[in-house]
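Data block for run-v7.cif (mmCIF, C-alpha atoms):
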```
data_model
#
loop_
_atom_site.label_atom_id
_atom_site.label_comp_id
_atom_site.auth_asym_id
_atom_site.auth_seq_id
_atom_site.Cartn_x
_atom_site.Cartn_y
_atom_site.Cartn_z
CA MET U 1 -12.73 -25.83 -0.18
CA LYS U 2 -11.85 -25.99 3.52
CA PHE U 3 -9.00 -24.24 5.35
CA SER U 4 -8.05 -24.76 8.98
CA TRP U 5 -5.86 -23.18 11.65
CA ILE U 6 -5.10 -23.59 15.34
CA TYR U 7 -5.68 -20.33 17.21
CA PRO U 8 -2.30 -19.66 18.90
CA LEU U 9 -2.97 -16.74 21.26
CA LYS U 10 -3.79 -16.54 24.95
CA GLU U 11 -5.69 -13.30 24.29
CA SER U 12 -9.22 -13.74 22.99
CA TYR U 13 -10.08 -12.15 19.62
CA GLN U 14 -13.06 -12.45 17.30
CA VAL U 15 -12.94 -14.96 14.46
CA LYS U 16 -13.03 -12.19 11.84
CA THR U 17 -10.03 -10.45 13.42
CA PHE U 18 -8.04 -13.69 13.44
CA LEU U 19 -8.99 -14.51 9.85
CA ARG U 20 -7.87 -11.07 8.74
CA THR U 21 -4.35 -11.97 9.94
CA LYS U 22 -4.59 -14.97 7.59
CA GLY U 23 -5.31 -12.77 4.57
CA VAL U 24 -9.07 -13.30 4.56
CA SER U 25 -10.64 -10.12 3.21
CA ARG U 26 -14.03 -8.67 4.13
CA GLY U 27 -15.24 -9.64 0.66
CA LEU U 28 -14.21 -13.25 1.08
CA LEU U 29 -15.75 -13.36 4.54
CA ALA U 30 -19.02 -12.03 3.08
CA LYS U 31 -18.89 -14.73 0.40
CA VAL U 32 -18.45 -17.38 3.10
CA LYS U 33 -21.38 -15.94 5.05
CA PHE U 34 -23.89 -15.35 2.26
CA GLN U 35 -22.98 -17.78 -0.55
CA GLY U 36 -22.99 -21.17 1.10
CA GLY U 37 -19.76 -21.29 3.10
CA LYS U 38 -19.34 -21.62 6.84
CA ILE U 39 -16.98 -21.08 9.77
CA THR U 40 -16.62 -23.62 12.55
CA VAL U 41 -14.71 -23.60 15.81
CA ASN U 42 -13.97 -27.04 17.23
CA HIS U 43 -16.45 -28.42 14.65
CA GLN U 44 -19.30 -26.16 15.84
CA GLU U 45 -20.63 -23.56 13.38
CA VAL U 46 -20.11 -19.99 14.60
CA ASN U 47 -20.42 -16.45 13.24
CA ALA U 48 -17.58 -14.03 12.54
CA ILE U 49 -17.85 -12.24 15.90
CA PHE U 50 -17.35 -15.40 17.97
CA TYR U 51 -14.47 -15.00 20.43
CA LEU U 52 -11.64 -17.53 20.22
CA LYS U 53 -9.54 -19.09 22.94
CA GLU U 54 -6.07 -20.63 22.77
CA ASN U 55 -5.77 -23.88 20.74
CA ASP U 56 -9.24 -23.59 19.20
CA LEU U 57 -9.53 -25.33 15.83
CA VAL U 58 -10.82 -22.75 13.33
CA GLU U 59 -12.12 -24.04 9.98
CA MET U 60 -13.40 -21.97 7.09
CA THR U 61 -15.28 -23.54 4.18
CA VAL U 62 -15.28 -21.35 1.06
CA PRO U 63 -18.12 -21.96 -1.45
CA ASP U 64 -17.26 -23.11 -4.97
CA GLU U 65 -16.92 -20.37 -7.59
CA GLU U 66 -19.10 -21.10 -10.60
CA GLY U 67 -17.39 -18.73 -13.02
CA TYR U 68 -18.44 -15.78 -15.14
CA GLU U 69 -20.53 -16.26 -18.25
CA THR U 70 -18.53 -13.52 -19.96
CA THR U 71 -15.33 -15.65 -19.91
CA PHE U 72 -16.02 -18.31 -22.53
CA PRO U 73 -14.01 -21.55 -22.36
CA ALA U 74 -11.58 -22.00 -25.27
CA GLU U 75 -10.30 -25.32 -26.60
CA HIS U 76 -6.71 -24.17 -27.14
CA PRO U 77 -4.18 -26.27 -25.21
CA ILE U 78 -2.10 -24.56 -22.53
CA ASP U 79 1.54 -25.20 -21.62
CA ILE U 80 1.36 -25.98 -17.89
CA VAL U 81 4.64 -25.46 -16.04
CA TYR U 82 3.34 -25.81 -12.47
CA GLU U 83 0.05 -26.79 -10.85
CA ASP U 84 -1.28 -27.63 -7.41
CA LYS U 85 -4.75 -27.24 -5.89
CA HIS U 86 -4.20 -23.52 -5.29
CA TYR U 87 -2.14 -22.22 -8.24
CA LEU U 88 -1.57 -22.76 -11.94
CA ILE U 89 1.42 -21.39 -13.85
CA VAL U 90 1.45 -21.53 -17.65
CA ASN U 91 3.98 -20.61 -20.32
CA LYS U 92 2.19 -18.07 -22.54
CA PRO U 93 2.99 -17.94 -26.27
CA TYR U 94 3.30 -14.64 -28.09
CA GLY U 95 0.34 -13.19 -29.96
CA VAL U 96 -2.12 -14.05 -27.17
CA VAL U 97 -3.68 -11.45 -24.87
CA SER U 98 -4.07 -12.12 -21.15
CA ILE U 99 -7.74 -11.18 -20.75
CA PRO U 100 -10.74 -11.10 -23.11
CA SER U 101 -11.64 -7.86 -24.85
CA GLN U 102 -13.97 -6.71 -27.62
CA VAL U 103 -11.17 -7.31 -30.11
CA HIS U 104 -10.16 -10.68 -28.61
CA PRO U 105 -13.33 -12.03 -26.92
CA GLU U 106 -12.47 -15.73 -26.87
CA GLY U 107 -8.79 -16.43 -27.54
CA SER U 108 -7.18 -14.95 -24.44
CA MET U 109 -5.19 -16.85 -21.83
CA ALA U 110 -8.12 -16.44 -19.45
CA ASN U 111 -10.39 -18.17 -21.99
CA ARG U 112 -7.85 -20.96 -22.48
CA VAL U 113 -7.44 -21.53 -18.76
CA LYS U 114 -11.24 -21.50 -18.34
CA GLY U 115 -11.42 -24.20 -21.02
CA TYR U 116 -8.84 -26.24 -19.12
CA TYR U 117 -10.82 -25.88 -15.87
CA CYS U 118 -13.95 -27.08 -17.67
CA ARG U 119 -12.18 -30.09 -19.21
CA GLN U 120 -10.81 -30.99 -15.76
CA ASN U 121 -14.27 -30.55 -14.18
CA TYR U 122 -12.84 -28.30 -11.47
CA LYS U 123 -15.43 -27.09 -8.97
CA ASP U 124 -13.97 -23.57 -8.93
CA GLN U 125 -14.48 -22.12 -12.41
CA VAL U 126 -13.47 -18.49 -11.90
CA VAL U 127 -10.18 -17.57 -13.60
CA HIS U 128 -8.06 -15.46 -11.24
CA ILE U 129 -5.11 -13.85 -13.03
CA VAL U 130 -2.33 -12.89 -10.61
CA THR U 131 0.31 -11.82 -13.15
CA ARG U 132 -0.50 -10.84 -16.72
CA LEU U 133 1.67 -10.28 -19.79
CA ASP U 134 1.39 -8.11 -22.91
CA ARG U 135 0.03 -9.84 -26.01
CA ASP U 136 3.46 -10.31 -27.61
CA THR U 137 5.41 -11.02 -24.41
CA THR U 138 6.00 -14.70 -23.73
CA GLY U 139 6.56 -16.65 -20.56
CA LEU U 140 5.16 -17.41 -17.15
CA MET U 141 1.68 -16.33 -16.10
CA LEU U 142 0.42 -17.11 -12.61
CA PHE U 143 -3.24 -17.97 -11.99
CA ALA U 144 -4.91 -18.55 -8.61
CA LYS U 145 -7.45 -21.36 -8.63
CA HIS U 146 -9.73 -19.80 -6.01
CA GLY U 147 -10.37 -16.38 -4.50
CA TYR U 148 -8.50 -16.95 -1.24
CA ALA U 149 -5.37 -18.04 -3.10
CA HIS U 150 -5.69 -14.91 -5.24
CA ALA U 151 -5.94 -12.64 -2.20
CA LEU U 152 -2.84 -14.17 -0.61
CA MET U 153 -0.78 -13.82 -3.78
CA ASP U 154 -1.98 -10.23 -4.24
CA ASN U 155 -0.53 -9.60 -0.76
CA ALA U 156 2.75 -11.10 -1.95
CA LEU U 157 2.72 -8.73 -4.93
CA ARG U 158 2.14 -5.72 -2.69
CA GLU U 159 4.86 -6.83 -0.29
CA ARG U 160 7.16 -7.59 -3.26
CA THR U 161 7.82 -11.14 -2.15
CA LEU U 162 6.56 -12.47 -5.49
CA LEU U 163 9.63 -11.96 -7.70
CA LYS U 164 9.30 -11.82 -11.48
CA HIS U 165 12.38 -12.12 -13.71
CA TYR U 166 12.34 -11.38 -17.42
CA SER U 167 14.82 -11.91 -20.24
CA ALA U 168 15.00 -9.23 -22.91
CA LEU U 169 17.08 -8.47 -25.96
CA VAL U 170 17.63 -4.73 -26.09
CA THR U 171 19.17 -2.81 -28.97
CA GLY U 172 22.71 -1.51 -28.68
CA ASN U 173 25.43 -2.16 -26.14
CA VAL U 174 24.32 -1.65 -22.53
CA ALA U 175 27.42 -0.25 -20.83
CA ASN U 176 26.89 -1.26 -17.20
CA ASP U 177 26.77 -4.91 -16.15
CA HIS U 178 24.17 -4.06 -13.52
CA GLY U 179 21.86 -1.09 -13.14
CA LYS U 180 18.53 0.29 -12.05
CA ILE U 181 16.12 2.42 -14.06
CA GLU U 182 13.95 4.57 -11.83
CA ALA U 183 11.62 6.78 -13.85
CA PRO U 184 7.88 7.50 -13.40
CA ILE U 185 5.56 6.12 -16.09
CA GLY U 186 2.27 7.58 -17.28
CA ARG U 187 -0.02 7.95 -20.29
CA PRO U 188 0.68 10.43 -23.09
CA THR U 189 -2.20 12.64 -24.15
CA ASP U 190 -2.28 11.30 -27.71
CA SER U 191 -2.46 7.50 -27.17
CA ILE U 192 -4.47 5.06 -25.07
CA ILE U 193 -1.98 2.23 -25.71
CA LYS U 194 1.45 3.77 -25.37
CA ARG U 195 3.14 4.79 -22.09
CA ILE U 196 5.88 7.36 -21.51
CA VAL U 197 8.29 8.49 -18.83
CA THR U 198 6.74 11.64 -17.37
CA PRO U 199 7.15 13.58 -14.10
CA ASN U 200 3.40 13.17 -13.55
CA GLY U 201 3.56 9.38 -13.86
CA ARG U 202 3.54 6.64 -11.24
CA THR U 203 6.78 5.52 -9.60
CA ALA U 204 8.48 2.71 -11.52
CA LEU U 205 11.69 0.80 -10.79
CA THR U 206 13.38 -1.75 -13.06
CA GLU U 207 16.61 -3.57 -12.17
CA TYR U 208 18.76 -5.36 -14.75
CA TRP U 209 21.86 -7.51 -15.16
CA VAL U 210 23.72 -7.94 -18.47
CA LYS U 211 23.95 -11.63 -19.46
CA GLU U 212 25.50 -11.38 -22.93
CA ARG U 213 26.58 -8.71 -25.38
CA TYR U 214 26.16 -9.13 -29.13
CA GLN U 215 27.17 -6.90 -32.01
CA GLU U 216 23.81 -5.14 -32.24
CA ALA U 217 22.04 -5.98 -28.99
CA THR U 218 22.41 -6.98 -25.34
CA LEU U 219 20.72 -9.84 -23.50
CA VAL U 220 19.59 -8.67 -20.05
CA ASP U 221 17.98 -10.32 -17.06
CA ILE U 222 15.38 -8.02 -15.48
CA GLN U 223 13.60 -7.88 -12.16
CA LEU U 224 10.53 -5.69 -11.82
CA HIS U 225 10.18 -3.88 -8.51
CA THR U 226 6.92 -2.25 -9.63
CA GLY U 227 4.27 -3.38 -12.09
CA ARG U 228 3.45 -0.56 -14.49
CA THR U 229 1.97 -1.17 -17.94
CA HIS U 230 4.76 -1.66 -20.52
CA GLN U 231 7.31 -0.88 -17.78
CA ILE U 232 10.29 -2.78 -19.21
CA ARG U 233 9.62 -1.59 -22.75
CA VAL U 234 9.23 2.05 -21.69
CA HIS U 235 12.25 2.08 -19.37
CA PHE U 236 14.72 0.58 -21.85
CA ALA U 237 13.49 2.86 -24.61
CA HIS U 238 13.95 5.73 -22.15
CA ILE U 239 17.66 4.92 -21.68
CA GLY U 240 18.22 4.52 -25.43
CA HIS U 241 17.97 0.73 -25.65
CA PRO U 242 14.48 -0.19 -26.94
CA LEU U 243 13.71 -3.89 -27.09
CA VAL U 244 14.56 -5.70 -30.31
CA GLY U 245 11.37 -6.05 -32.35
CA ASP U 246 9.40 -3.50 -30.31
CA ASP U 247 8.32 -1.04 -33.00
CA LEU U 248 5.91 0.73 -30.61
CA TYR U 249 8.89 2.03 -28.63
CA GLY U 250 11.54 2.34 -31.34
CA GLY U 251 12.86 -1.20 -31.64
CA VAL U 252 13.60 -2.67 -35.08
CA HIS U 253 12.14 -5.90 -36.50
CA ASP U 254 14.52 -8.42 -38.05
CA GLN U 255 14.20 -11.81 -39.74
CA TRP U 256 13.85 -13.72 -36.46
CA LEU U 257 11.96 -11.30 -34.24
CA SER U 258 8.79 -9.51 -35.34
CA ARG U 259 7.64 -8.73 -31.77
CA GLN U 260 9.28 -7.35 -28.64
CA ALA U 261 11.99 -9.74 -27.44
CA LEU U 262 10.64 -10.08 -23.91
CA HIS U 263 10.09 -13.29 -21.96
CA CYS U 264 9.11 -13.87 -18.33
CA HIS U 265 11.48 -16.73 -17.51
CA GLU U 266 11.20 -17.00 -13.71
CA LEU U 267 8.70 -16.65 -10.88
CA GLN U 268 9.82 -17.01 -7.28
CA PHE U 269 7.62 -16.86 -4.18
CA ILE U 270 6.94 -18.32 -0.76
CA HIS U 271 3.91 -20.56 -1.26
CA PRO U 272 1.18 -19.07 0.97
CA PHE U 273 -0.25 -22.47 1.91
CA THR U 274 2.85 -24.66 2.26
CA MET U 275 5.27 -21.85 3.19
CA GLU U 276 7.84 -23.48 0.88
CA LYS U 277 10.11 -21.45 -1.37
CA THR U 278 8.82 -22.03 -4.89
CA LEU U 279 10.85 -21.38 -8.05
CA VAL U 280 9.35 -21.87 -11.51
CA THR U 281 11.24 -21.29 -14.77
CA ALA U 282 10.50 -21.35 -18.49
CA PRO U 283 13.05 -21.66 -21.36
CA TYR U 284 13.42 -19.03 -24.08
CA PRO U 285 10.78 -19.20 -26.83
CA ILE U 286 11.89 -20.41 -30.26
CA ASP U 287 12.26 -16.96 -31.85
CA MET U 288 14.53 -15.64 -29.08
CA GLN U 289 16.52 -18.90 -29.16
CA GLN U 290 17.03 -18.54 -32.91
CA TRP U 291 18.08 -14.92 -32.53
CA THR U 292 20.69 -15.66 -29.86
CA GLU U 293 22.03 -18.70 -31.73
CA ASN U 294 22.49 -16.76 -34.95
CA MET U 295 23.91 -13.73 -33.18
CA SER U 296 26.31 -15.96 -31.23
CA ILE U 297 27.65 -17.24 -34.55
CA THR U 298 28.02 -13.69 -35.80
CA LYS U 299 29.83 -12.70 -32.62
CA MET U 300 32.29 -15.62 -32.84
CA ASN U 301 33.02 -14.95 -36.52
CA HIS U 302 34.08 -11.45 -35.70
#
```

Would you put the structure from the file into C-alpha cells?
Amino acid sequence: MKFSWIYPLKESYQVKTFLRTKGVSRGLLAKVKFQGGKITVNHQEVNAIFYLKENDLVEMTVPDEEGYETTFPAEHPIDIVYEDKHYLIVNKPYGVVSIPSQVHPEGSMANRVKGYYCRQNYKDQVVHIVTRLDRDTTGLMLFAKHGYAHALMDNALRERTLLKHYSALVTGNVANDHGKIEAPIGRPTDSIIKRIVTPNGRTALTEYWVKERYQEATLVDIQLHTGRTHQIRVHFAHIGHPLVGDDLYGGVHDQWLSRQALHCHELQFIHPFTMEKTLVTAPYPIDMQQWTENMSITKMNH
C-alpha cells in the first residue's frame, strides 16, 4: 500500500524525521526498509536520511502483511458496521472473546476477522485490534487493516481523540444524572481475572449520564477516559451499582440477562487518512432490548 505527502517546510529535514510527524514509527520504517517496501522522493528511490526540500513529493510503499500462522481463519460471519481500505468496525456478539487463547483458540473475533480477510482475498492478512471487548460485552470493535493505520489509531487512543461510548444497565437507582468515577484499578492478590479499586492501581476515569431509571436498575451512557481491564464493571460495582447480570462483580442474573448488560454503542474519531469526523453506532443487542422493553412496561404499570 502506498502513502504520499507533499513536504511543506522551507527548512530541510531528513525523510525519517518528516515521516515521524506523520505517525510512522521506527518499527514501520524498518519494515519498509527490510521487508520489501520503499521510499521515493519525486519518484526517485531514497533512503531514510535523505534531506527534503519544500514541495517534494514523498511516497512510502508499505509491504503487504502476510498474517500470523497462530491466528487461524474462522468461518463465522461477522456483522460489519463500517469498512474502508484502512479500518473495519464490527458489532461483536456476546459470548465471543476478542483474541485467541488456549481456551478459545479459534472462535475469537480476531479469528473471525481473519476468516473474512481470507474470503475477501485481502493482501494484508494481519489482524490489528485497536479496541477490544470482554467476552460477554457486545458492540463495536475497531480493527485496523494494516500496521500504519493501527499506529495512527493507537495515537488517537493515547491522545483520547478516539471516543468510546457504552450503554449499561446498572442495578439500583443512580442518584445523579451525570457523574464521574475516578478510582485507581489494579489486580487483587487472589485472582488473575478479577480487578479491584486499590490505591496501588492505575489511574482510571469513567464518566456517565443517566438515560432512564427503572424500578430495579438504571440505564446509563458511559464514556471511558482511560482503558483499564473491566473498568466500567469495577467502577460501577465500586459505587454500589454493579451491572445487571455481572455476577463476577455482584450483579444479579434475571430471565433476560445472563451476562453483564454492557454494550459499546458508539465510536467517534477523526479519520487519520481523510481527516473527516467519523461516527459509528450500533443498536442495543436483543437481550438488552428485551430487558428495557419489559422493564418499561413494569415502570408504566406502577

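Checking U:Arg259, U:His265, U:Arg187, U:Lys22 one by one against Tyr94 of chain U, counting all atoms listed in the file, you find the shortest gap at U:Arg259.
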
Problem - Selection under test: the PyMOL selection byres ((chain U and resi 3) around 8); residues as a list in words - result: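 Applying the expression gives Met1, Lys2, Ser4, Trp5, Glu59, Met60 and Thr61 of chain U.
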
Exercise for the section: Would you mind listing what lies within 7 Å of Ser108 of chain U as a PyMOL selection string, with all atoms listed in the file counted and same-chain residues fewer than 3 positions away left out? Expected result: chain U and resi 96-100+104+111-112

For the selection just defined, write its residues with C-alpha atoms to a file, as a compact mmCIF listing (two decimals), in the frame of the given file.
```txt
# COMPACT_ATOMS: atom_id res chain seq x y z
CA VAL U 96 -2.12 -14.05 -27.17
CA VAL U 97 -3.68 -11.45 -24.87
CA SER U 98 -4.07 -12.12 -21.15
CA ILE U 99 -7.74 -11.18 -20.75
CA PRO U 100 -10.74 -11.10 -23.11
CA HIS U 104 -10.16 -10.68 -28.61
CA ASN U 111 -10.39 -18.17 -21.99
CA ARG U 112 -7.85 -20.96 -22.48
```

Practice task
Report as a ChimeraX atom specification the residues that result from applying the PyMOL selection byres ((chain U and resi 29-42) around 7) to the structure here.
Solution key: /U:24-28,43-47,56-63

Practice task
Run the PyMOL selection byres ((chain U and resi 172) around 7) mentally over the shown coordinates, then write out the matched residues as an MDAnalysis selection string, using the chain letters and numbers from the document.
Solution key: chainID U and resid 170:171 173:174 216:218 241

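When all atoms listed in the file are used to compute distances to Tyr148 of chain U, the closest of the residues U:Asp247, U:Asp136, U:Asp124, U:Glu66 turns out to be U:Asp124.
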
All heavy atoms of segment 130-143 of chain U, written as a CSV table (one decimal), in the first residue's frame:
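Written out: selection-v4.csv:
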```csv
chain,number,residue,atom,x,y,z
U,130,VAL,N,-7.7,-2.6,17.4
U,130,VAL,CA,-7.5,-1.3,18.1
U,130,VAL,C,-8.2,-1.3,19.4
U,130,VAL,O,-7.7,-0.8,20.4
U,130,VAL,CB,-7.9,-0.2,17.1
U,130,VAL,CG1,-7.7,1.2,17.8
U,130,VAL,CG2,-7.2,-0.3,15.8
U,131,THR,N,-9.5,-1.7,19.4
U,131,THR,CA,-10.3,-1.7,20.6
U,131,THR,C,-10.9,-3.1,20.8
U,131,THR,O,-11.5,-3.7,19.9
U,131,THR,CB,-11.5,-0.7,20.6
U,131,THR,OG1,-12.4,-1.0,19.5
U,131,THR,CG2,-10.9,0.7,20.3
U,132,ARG,N,-10.7,-3.6,22.0
U,132,ARG,CA,-11.2,-5.0,22.3
U,132,ARG,C,-12.3,-4.9,23.4
U,132,ARG,O,-12.4,-3.9,24.1
U,132,ARG,CB,-10.1,-5.9,22.7
U,132,ARG,CG,-9.4,-5.5,24.1
U,132,ARG,CD,-8.3,-6.5,24.4
U,132,ARG,NE,-7.2,-6.5,23.5
U,132,ARG,CZ,-6.2,-7.3,23.5
U,132,ARG,NH1,-6.1,-8.2,24.5
U,132,ARG,NH2,-5.2,-7.3,22.7
U,133,LEU,N,-13.1,-5.9,23.4
U,133,LEU,CA,-14.2,-6.0,24.4
U,133,LEU,C,-14.1,-7.3,25.2
U,133,LEU,O,-13.6,-8.3,24.7
U,133,LEU,CB,-15.6,-5.9,23.7
U,133,LEU,CG,-15.9,-4.7,22.9
U,133,LEU,CD1,-17.2,-4.8,22.1
U,133,LEU,CD2,-16.0,-3.5,23.9
U,134,ASP,N,-14.6,-7.3,26.4
U,134,ASP,CA,-14.7,-8.6,27.2
U,134,ASP,C,-15.6,-9.6,26.5
U,134,ASP,O,-16.5,-9.2,25.6
U,134,ASP,CB,-15.4,-8.3,28.6
U,134,ASP,CG,-14.5,-7.4,29.4
U,134,ASP,OD1,-13.3,-7.3,29.2
U,134,ASP,OD2,-15.0,-6.8,30.4
U,135,ARG,N,-15.5,-10.8,26.8
U,135,ARG,CA,-16.2,-11.9,26.1
U,135,ARG,C,-17.7,-11.6,26.1
U,135,ARG,O,-18.4,-11.8,25.0
U,135,ARG,CB,-15.9,-13.2,26.8
U,135,ARG,CG,-16.6,-14.4,26.1
U,135,ARG,CD,-16.4,-15.7,26.9
U,135,ARG,NE,-17.2,-15.6,28.2
U,135,ARG,CZ,-17.1,-16.6,29.1
U,135,ARG,NH1,-16.3,-17.6,29.0
U,135,ARG,NH2,-17.8,-16.4,30.2
U,136,ASP,N,-18.3,-11.2,27.2
U,136,ASP,CA,-19.7,-11.1,27.3
U,136,ASP,C,-20.2,-9.6,27.1
U,136,ASP,O,-21.4,-9.3,27.4
U,136,ASP,CB,-20.3,-11.7,28.6
U,136,ASP,CG,-20.2,-13.2,28.6
U,136,ASP,OD1,-20.2,-13.8,27.5
U,136,ASP,OD2,-20.1,-13.8,29.6
U,137,THR,N,-19.3,-8.7,26.7
U,137,THR,CA,-19.7,-7.4,26.3
U,137,THR,C,-20.0,-7.4,24.8
U,137,THR,O,-19.2,-7.9,24.1
U,137,THR,CB,-18.6,-6.4,26.7
U,137,THR,OG1,-18.4,-6.4,28.1
U,137,THR,CG2,-19.0,-5.0,26.3
U,138,THR,N,-21.0,-6.7,24.4
U,138,THR,CA,-21.4,-6.6,23.0
U,138,THR,C,-21.0,-5.3,22.4
U,138,THR,O,-20.6,-4.3,23.2
U,138,THR,CB,-22.9,-6.8,22.8
U,138,THR,OG1,-23.6,-5.8,23.6
U,138,THR,CG2,-23.3,-8.2,23.2
U,139,GLY,N,-21.0,-5.2,21.1
U,139,GLY,CA,-20.9,-3.8,20.5
U,139,GLY,C,-19.7,-3.7,19.6
U,139,GLY,O,-19.1,-4.7,19.1
U,140,LEU,N,-19.3,-2.4,19.4
U,140,LEU,CA,-18.4,-2.1,18.3
U,140,LEU,C,-16.9,-2.4,18.7
U,140,LEU,O,-16.4,-2.0,19.8
U,140,LEU,CB,-18.5,-0.6,18.1
U,140,LEU,CG,-19.9,-0.1,17.6
U,140,LEU,CD1,-20.0,1.4,17.5
U,140,LEU,CD2,-20.2,-0.7,16.2
U,141,MET,N,-16.3,-3.1,17.8
U,141,MET,CA,-14.8,-3.3,17.9
U,141,MET,C,-14.2,-2.8,16.6
U,141,MET,O,-14.7,-3.0,15.5
U,141,MET,CB,-14.5,-4.8,18.0
U,141,MET,CG,-14.6,-5.4,19.3
U,141,MET,SD,-14.1,-7.2,19.3
U,141,MET,CE,-12.3,-7.0,19.1
U,142,LEU,N,-13.1,-2.0,16.8
U,142,LEU,CA,-12.4,-1.4,15.7
U,142,LEU,C,-11.1,-2.2,15.4
U,142,LEU,O,-10.3,-2.4,16.3
U,142,LEU,CB,-12.0,0.1,16.1
U,142,LEU,CG,-11.1,0.9,15.2
U,142,LEU,CD1,-11.7,1.0,13.8
U,142,LEU,CD2,-10.9,2.3,15.8
U,143,PHE,N,-11.0,-2.5,14.1
U,143,PHE,CA,-9.8,-3.2,13.6
U,143,PHE,C,-9.1,-2.3,12.6
U,143,PHE,O,-9.8,-1.6,11.8
U,143,PHE,CB,-10.2,-4.5,12.9
U,143,PHE,CG,-10.7,-5.5,13.8
U,143,PHE,CD1,-12.1,-5.5,14.2
U,143,PHE,CD2,-10.0,-6.6,14.3
U,143,PHE,CE1,-12.6,-6.5,15.0
U,143,PHE,CE2,-10.5,-7.5,15.2
U,143,PHE,CZ,-11.8,-7.5,15.5
```
